Amino acid sequence: MAHPHSRSLLLSGTALALLLLTGCGASHTDAAPQGWQSSSTSAGSASPHAEDSSAAPAAPAAEAATTEGTAESGTAGSDGVGVAGPPSEDPATGSADSTGESREPAEAQGPEASGGASDEAGQAGHRSTSVSQDSAVRKAQEYLSFSAFSRSGLIEQLEFEGFTAQEATAAVDQLSTDYNEQAVKKAEDYLSFSAFSRSGLIKQLEFEGFTPEQAAHGVDSAAPDYMAQAVKKGKEYLDMSGFSRQSLIEQLTFEGFTPEQAAHGADANGL
C-alpha cells in the first residue's frame with residue numbers, strides 16, 4: 001500500500017509537468033527542453049511537417065539541375081560518365097565522322113587533287129598512242145619506198161610487224177596512197193621475174209589485195225607483150241619438165257594465154 005505522501009508527491013509531479021507544457025512553456029513554444037530535444041533526437045523520430053519543409057524541395061532542385069546540365073552539354077549522363085552527343089552531319093554528303101567532325105567533300109579539294117593523277121595517266125596513254133601511230137606511218141612509208149602494195153596488203157604487212165589493226169589502218173589511210181599506181185608497179189614487179197598472160201596477171205594482182213578495177217588498170221598500164229610472155233612461160237615449163245607441143249600449148253592456154261599466143265610460145269621454143 002502506497003504511502004499517502006507519495007501519492008500527493010506523484011500528483012504534484014504530474015501537475016508540474018502539465019504546467020511546464022501549458023503555462024510556463026507558452027512563451028518558449030519553439031524551444032523544447034533540453035531533455036526532450038535529446039530524447040527526440042536519440043529516438044530518431046521526426047515531425048512530418050519538418051520532413052516536408054526540409055527534404056521535399058531538395059529533390060526538384062537536384063532534378064532541375066541535372067536536367068539543365070544535360071540539356072546544355074548533351075555529353076554527361078546521370079551517373080557522371082561522358083556520353084557522346086549526336087555526330088555532326090556533313091552538309092555535302094550527309095555523312096558524319098565517327099569523332100563528330102564533318103568531313104570535307106572530295107569536290108571541295110579542287111580538281112587538281114581528285115583528277116590530277118587520272119589526267120596525267122591519260123596524257124601518258126595519249127603520248128604512247130601517238131608515238132605508236134607515228135611509227136606505223138613511218139613503217140608504211142618504208143615499205144612503199146621499195147615495193148608496191150594494195151591497201152589491204154599494206155595493212156596486213158603492218159599487222160605482221162606487230163601494229164594493231166586500228167593503228168595499221170589509220171597509218172595506211174593517212175598516207176592517201178594512189179593504189180592504181182601501186183597496181184601498175186606491182187604488175188611490173190611480177191613481170192620482171194616471171195611471165196604472165198593478161199588474165200593470169202590480173203588474178204595475181206587481185207590475190208595481192210587490189211580491186212578488180214585496180215588490177216586491170218595496173219596490167220593494162222604495164223602493157224606487156226603477151227606473145228613474148230607466152231614464149232617466156234613456155235621456156236619456164238620446159239626447163240622444169242618435158243612437154244610435147246600439144247601439151248605445152250594446153251598448159252599455156254590454162255595459164256590464160258589465147259590459143260594464138262600459146263601456139264606462138266610452143267613454136268618459139270622449138271616444138
# chains A, B, ... in the order shown; residues from 1 in each chain; ligands from 1

$ residues_around --residues "Phe243 (chain A)" --least-positions-apart "4" --cutoff "12 Å" --atoms "only C-alpha atoms" --output "list of chain:residue names"
A:Gly234, A:Lys235, A:Glu236, A:Tyr237, A:Leu238, A:Asp239, A:Ser247, A:Leu248, A:Ile249, A:Glu250, A:Gln251, A:Leu252, A:Ala266, A:Asn269, A:Gly270, A:Leu271

$ write_last_selection --atoms "N, CA, C and O atoms" --output "PDB file, in the first residue's frame"
ATOM      1  N   GLY A 234      56.483 -20.618-171.826  1.00  0.00           N
ATOM      2  CA  GLY A 234      56.763 -21.935-172.401  1.00  0.00           C
ATOM      3  C   GLY A 234      58.150 -22.423-172.029  1.00  0.00           C
ATOM      4  O   GLY A 234      58.342 -23.605-171.696  1.00  0.00           O
ATOM      5  N   LYS A 235      59.141 -21.548-172.062  1.00  0.00           N
ATOM      6  CA  LYS A 235      60.511 -21.926-171.695  1.00  0.00           C
ATOM      7  C   LYS A 235      60.598 -22.335-170.227  1.00  0.00           C
ATOM      8  O   LYS A 235      61.338 -23.265-169.876  1.00  0.00           O
ATOM      9  N   GLU A 236      59.865 -21.604-169.332  1.00  0.00           N
ATOM     10  CA  GLU A 236      59.866 -21.952-167.906  1.00  0.00           C
ATOM     11  C   GLU A 236      59.370 -23.381-167.704  1.00  0.00           C
ATOM     12  O   GLU A 236      59.943 -24.147-166.910  1.00  0.00           O
ATOM     13  N   TYR A 237      58.302 -23.731-168.398  1.00  0.00           N
ATOM     14  CA  TYR A 237      57.770 -25.090-168.251  1.00  0.00           C
ATOM     15  C   TYR A 237      58.740 -26.138-168.796  1.00  0.00           C
ATOM     16  O   TYR A 237      58.916 -27.209-168.204  1.00  0.00           O
ATOM     17  N   LEU A 238      59.348 -25.829-169.893  1.00  0.00           N
ATOM     18  CA  LEU A 238      60.287 -26.784-170.490  1.00  0.00           C
ATOM     19  C   LEU A 238      61.538 -26.946-169.640  1.00  0.00           C
ATOM     20  O   LEU A 238      62.170 -28.020-169.662  1.00  0.00           O
ATOM     21  N   ASP A 239      61.923 -25.915-168.913  1.00  0.00           N
ATOM     22  CA  ASP A 239      63.069 -26.030-168.006  1.00  0.00           C
ATOM     23  C   ASP A 239      62.756 -26.931-166.815  1.00  0.00           C
ATOM     24  O   ASP A 239      63.663 -27.548-166.234  1.00  0.00           O
ATOM     25  N   SER A 247      50.849 -30.663-175.499  1.00  0.00           N
ATOM     26  CA  SER A 247      50.703 -30.493-174.034  1.00  0.00           C
ATOM     27  C   SER A 247      51.184 -29.121-173.580  1.00  0.00           C
ATOM     28  O   SER A 247      50.615 -28.511-172.651  1.00  0.00           O
ATOM     29  N   LEU A 248      52.214 -28.586-174.202  1.00  0.00           N
ATOM     30  CA  LEU A 248      52.684 -27.245-173.821  1.00  0.00           C
ATOM     31  C   LEU A 248      51.665 -26.187-174.218  1.00  0.00           C
ATOM     32  O   LEU A 248      51.427 -25.223-173.462  1.00  0.00           O
ATOM     33  N   ILE A 249      51.056 -26.360-175.428  1.00  0.00           N
ATOM     34  CA  ILE A 249      50.017 -25.393-175.827  1.00  0.00           C
ATOM     35  C   ILE A 249      48.855 -25.426-174.845  1.00  0.00           C
ATOM     36  O   ILE A 249      48.329 -24.372-174.442  1.00  0.00           O
ATOM     37  N   GLU A 250      48.491 -26.644-174.417  1.00  0.00           N
ATOM     38  CA  GLU A 250      47.379 -26.744-173.446  1.00  0.00           C
ATOM     39  C   GLU A 250      47.744 -26.108-172.107  1.00  0.00           C
ATOM     40  O   GLU A 250      46.903 -25.450-171.470  1.00  0.00           O
ATOM     41  N   GLN A 251      48.988 -26.279-171.686  1.00  0.00           N
ATOM     42  CA  GLN A 251      49.407 -25.679-170.405  1.00  0.00           C
ATOM     43  C   GLN A 251      49.408 -24.152-170.492  1.00  0.00           C
ATOM     44  O   GLN A 251      48.980 -23.471-169.546  1.00  0.00           O
ATOM     45  N   LEU A 252      49.872 -23.634-171.612  1.00  0.00           N
ATOM     46  CA  LEU A 252      49.879 -22.168-171.752  1.00  0.00           C
ATOM     47  C   LEU A 252      48.456 -21.611-171.854  1.00  0.00           C
ATOM     48  O   LEU A 252      48.173 -20.511-171.354  1.00  0.00           O
ATOM     49  N   ALA A 266      54.858 -22.212-178.091  1.00  0.00           N
ATOM     50  CA  ALA A 266      55.402 -23.532-178.392  1.00  0.00           C
ATOM     51  C   ALA A 266      56.330 -23.479-179.586  1.00  0.00           C
ATOM     52  O   ALA A 266      57.413 -24.101-179.598  1.00  0.00           O
ATOM     53  N   ASN A 269      59.785 -22.019-178.837  1.00  0.00           N
ATOM     54  CA  ASN A 269      60.632 -22.895-178.015  1.00  0.00           C
ATOM     55  C   ASN A 269      60.992 -24.209-178.760  1.00  0.00           C
ATOM     56  O   ASN A 269      61.525 -25.133-178.143  1.00  0.00           O
ATOM     57  N   GLY A 270      60.758 -24.252-180.076  1.00  0.00           N
ATOM     58  CA  GLY A 270      61.203 -25.363-180.895  1.00  0.00           C
ATOM     59  C   GLY A 270      60.270 -26.548-180.930  1.00  0.00           C
ATOM     60  O   GLY A 270      60.686 -27.643-181.329  1.00  0.00           O
ATOM     61  N   LEU A 271      59.046 -26.401-180.527  1.00  0.00           N
ATOM     62  CA  LEU A 271      58.106 -27.537-180.586  1.00  0.00           C
ATOM     63  C   LEU A 271      57.148 -27.377-181.764  1.00  0.00           C
ATOM     64  O   LEU A 271      56.699 -26.311-182.090  1.00  0.00           O
TER      65      LEU A 271
END

$ residues_around --residues "Tyr190 (chain A)" --least-positions-apart "6" --cutoff "12 Å" --atoms "only C-alpha atoms" --output "PDB file with C-alpha atoms, in the first residue's frame"
ATOM      1  CA  SER A 147      57.761  -2.226-153.040  1.00  0.00           C
ATOM      2  CA  ALA A 148      54.181  -1.837-154.265  1.00  0.00           C
ATOM      3  CA  ALA A 183      48.867  -1.769-159.112  1.00  0.00           C
ATOM      4  CA  VAL A 184      50.955  -0.704-162.106  1.00  0.00           C
ATOM      5  CA  PHE A 196      52.068 -13.887-167.229  1.00  0.00           C
ATOM      6  CA  SER A 197      49.113 -13.780-169.503  1.00  0.00           C
ATOM      7  CA  ARG A 198      46.787 -10.808-169.101  1.00  0.00           C
ATOM      8  CA  GLY A 200      46.834 -14.507-165.117  1.00  0.00           C
ATOM      9  CA  LEU A 201      48.452 -11.224-164.093  1.00  0.00           C
ATOM     10  CA  ILE A 202      45.087  -9.645-163.202  1.00  0.00           C
ATOM     11  CA  LYS A 203      44.325 -12.635-160.950  1.00  0.00           C
ATOM     12  CA  GLN A 204      47.728 -12.302-159.315  1.00  0.00           C
ATOM     13  CA  LEU A 205      47.133  -8.610-158.504  1.00  0.00           C
ATOM     14  CA  GLU A 208      47.627  -9.227-153.641  1.00  0.00           C
ATOM     15  CA  GLY A 218      47.750  -1.992-163.441  1.00  0.00           C
ATOM     16  CA  VAL A 219      48.033  -4.736-166.045  1.00  0.00           C
ATOM     17  CA  ALA A 222      52.101  -2.088-167.779  1.00  0.00           C
ATOM     18  CA  PRO A 224      53.334  -6.244-171.663  1.00  0.00           C
ATOM     19  CA  GLN A 229      55.187 -13.585-172.373  1.00  0.00           C
TER      20      GLN A 229
END

$ residues_around --residues "Thr211 (chain A)" --least-positions-apart "5" --cutoff "10 Å" --atoms "only C-alpha atoms" --output "PyMOL selection string"
chain A and resi 150-152+179-180+183+202+205-206+216-217

$ closest_residue --among "A:Met240, A:Ala140, A:Val231, A:Ala195" --to "Glu167 (chain A)" --atoms "only C-alpha atoms"
A:Ala140

$ residues_around --residues "Thr177 (chain A)" --least-positions-apart "4" --cutoff "10 Å" --atoms "only C-alpha atoms" --output "list in words"
Gln141, Leu144, Phe149, Ser150, Arg151, Val172, Asp173, Glu181 and Gln182 of chain A

$ write_last_selection --atoms "all heavy atoms" --output "mmCIF file, in the first residue's frame"
data_model
loop_
_atom_site.group_PDB
_atom_site.id
_atom_site.type_symbol
_atom_site.label_atom_id
_atom_site.label_comp_id
_atom_site.auth_asym_id
_atom_site.auth_seq_id
_atom_site.Cartn_x
_atom_site.Cartn_y
_atom_site.Cartn_z
ATOM 1 N N GLN A 141 55.473 3.977 -144.889
ATOM 2 C CA GLN A 141 56.236 4.716 -145.889
ATOM 3 C C GLN A 141 57.492 3.958 -146.315
ATOM 4 O O GLN A 141 57.874 3.979 -147.492
ATOM 5 C CB GLN A 141 56.613 6.094 -145.326
ATOM 6 C CG GLN A 141 55.423 7.032 -145.161
ATOM 7 C CD GLN A 141 55.798 8.315 -144.431
ATOM 8 O OE1 GLN A 141 56.749 8.344 -143.636
ATOM 9 N NE2 GLN A 141 55.058 9.376 -144.712
ATOM 10 N N LEU A 144 56.469 1.210 -148.766
ATOM 11 C CA LEU A 144 56.084 1.758 -150.070
ATOM 12 C C LEU A 144 57.287 2.307 -150.838
ATOM 13 O O LEU A 144 57.217 2.482 -152.059
ATOM 14 C CB LEU A 144 55.052 2.866 -149.888
ATOM 15 C CG LEU A 144 53.660 2.420 -149.425
ATOM 16 C CD1 LEU A 144 52.791 3.624 -149.095
ATOM 17 C CD2 LEU A 144 52.990 1.547 -150.490
ATOM 18 N N PHE A 149 52.175 -2.011 -152.883
ATOM 19 C CA PHE A 149 51.191 -2.682 -152.043
ATOM 20 C C PHE A 149 49.795 -2.191 -152.375
ATOM 21 O O PHE A 149 49.593 -1.009 -152.706
ATOM 22 C CB PHE A 149 51.457 -2.407 -150.556
ATOM 23 C CG PHE A 149 52.669 -3.096 -150.004
ATOM 24 C CD1 PHE A 149 53.914 -2.489 -150.067
ATOM 25 C CD2 PHE A 149 52.571 -4.352 -149.422
ATOM 26 C CE1 PHE A 149 55.032 -3.119 -149.559
ATOM 27 C CE2 PHE A 149 53.695 -4.983 -148.914
ATOM 28 C CZ PHE A 149 54.924 -4.364 -148.986
ATOM 29 N N SER A 150 48.861 -3.097 -152.238
ATOM 30 C CA SER A 150 47.462 -2.679 -152.204
ATOM 31 C C SER A 150 47.159 -2.175 -150.795
ATOM 32 O O SER A 150 47.980 -2.339 -149.876
ATOM 33 C CB SER A 150 46.553 -3.867 -152.526
ATOM 34 O OG SER A 150 46.660 -4.859 -151.511
ATOM 35 N N ARG A 151 46.008 -1.566 -150.624
ATOM 36 C CA ARG A 151 45.638 -1.064 -149.292
ATOM 37 C C ARG A 151 45.597 -2.207 -148.287
ATOM 38 O O ARG A 151 46.215 -2.126 -147.212
ATOM 39 C CB ARG A 151 44.286 -0.348 -149.351
ATOM 40 C CG ARG A 151 43.808 0.184 -147.986
ATOM 41 C CD ARG A 151 42.460 0.882 -148.111
ATOM 42 N NE ARG A 151 42.007 1.394 -146.831
ATOM 43 C CZ ARG A 151 41.317 0.675 -145.946
ATOM 44 N NH1 ARG A 151 41.024 -0.603 -146.207
ATOM 45 N NH2 ARG A 151 40.941 1.213 -144.804
ATOM 46 N N VAL A 172 47.851 3.591 -142.808
ATOM 47 C CA VAL A 172 47.725 3.416 -144.259
ATOM 48 C C VAL A 172 46.798 4.470 -144.851
ATOM 49 O O VAL A 172 47.086 5.067 -145.900
ATOM 50 C CB VAL A 172 47.231 1.995 -144.579
ATOM 51 C CG1 VAL A 172 46.858 1.872 -146.048
ATOM 52 C CG2 VAL A 172 48.301 0.972 -144.210
ATOM 53 N N ASP A 173 45.684 4.730 -144.186
ATOM 54 C CA ASP A 173 44.737 5.721 -144.713
ATOM 55 C C ASP A 173 45.280 7.137 -144.604
ATOM 56 O O ASP A 173 44.870 8.028 -145.361
ATOM 57 C CB ASP A 173 43.402 5.618 -143.966
ATOM 58 C CG ASP A 173 42.665 4.331 -144.308
ATOM 59 O OD1 ASP A 173 43.009 3.705 -145.330
ATOM 60 O OD2 ASP A 173 41.751 3.949 -143.548
ATOM 61 N N GLU A 181 48.258 3.426 -159.153
ATOM 62 C CA GLU A 181 49.683 3.483 -159.436
ATOM 63 C C GLU A 181 50.424 2.311 -158.808
ATOM 64 O O GLU A 181 51.359 1.745 -159.402
ATOM 65 C CB GLU A 181 50.255 4.805 -158.936
ATOM 66 C CG GLU A 181 51.741 4.991 -159.229
ATOM 67 C CD GLU A 181 52.264 6.310 -158.702
ATOM 68 O OE1 GLU A 181 51.451 7.142 -158.268
ATOM 69 O OE2 GLU A 181 53.501 6.497 -158.716
ATOM 70 N N GLN A 182 50.016 1.965 -157.564
ATOM 71 C CA GLN A 182 50.625 0.807 -156.904
ATOM 72 C C GLN A 182 50.362 -0.480 -157.690
ATOM 73 O O GLN A 182 51.218 -1.367 -157.768
ATOM 74 C CB GLN A 182 50.084 0.668 -155.480
ATOM 75 C CG GLN A 182 50.510 1.776 -154.531
ATOM 76 C CD GLN A 182 52.009 1.768 -154.291
ATOM 77 O OE1 GLN A 182 52.606 0.738 -153.958
ATOM 78 N NE2 GLN A 182 52.648 2.916 -154.484
#

$ atom_distance --atom1 "CA of Lys139 (chain A)" --atom2 "CA of Ala187 (chain A)"
22.7 Å

$ atom_distance --atom1 "CA of Glu255 (chain A)" --atom2 "CA of Ser194 (chain A)"
12.4 Å

$ atom_distance --atom1 "CA of Gly162 (chain A)" --atom2 "CA of Lys186 (chain A)"
24.2 Å

$ select_by_dssp --residues "region 127-215 of chain A" --states "helix (DSSP H, G or I)" --output "VMD selection string"
chain A and resid 127 to 146 151 to 160 165 to 175 179 to 193 198 to 207 212 to 215
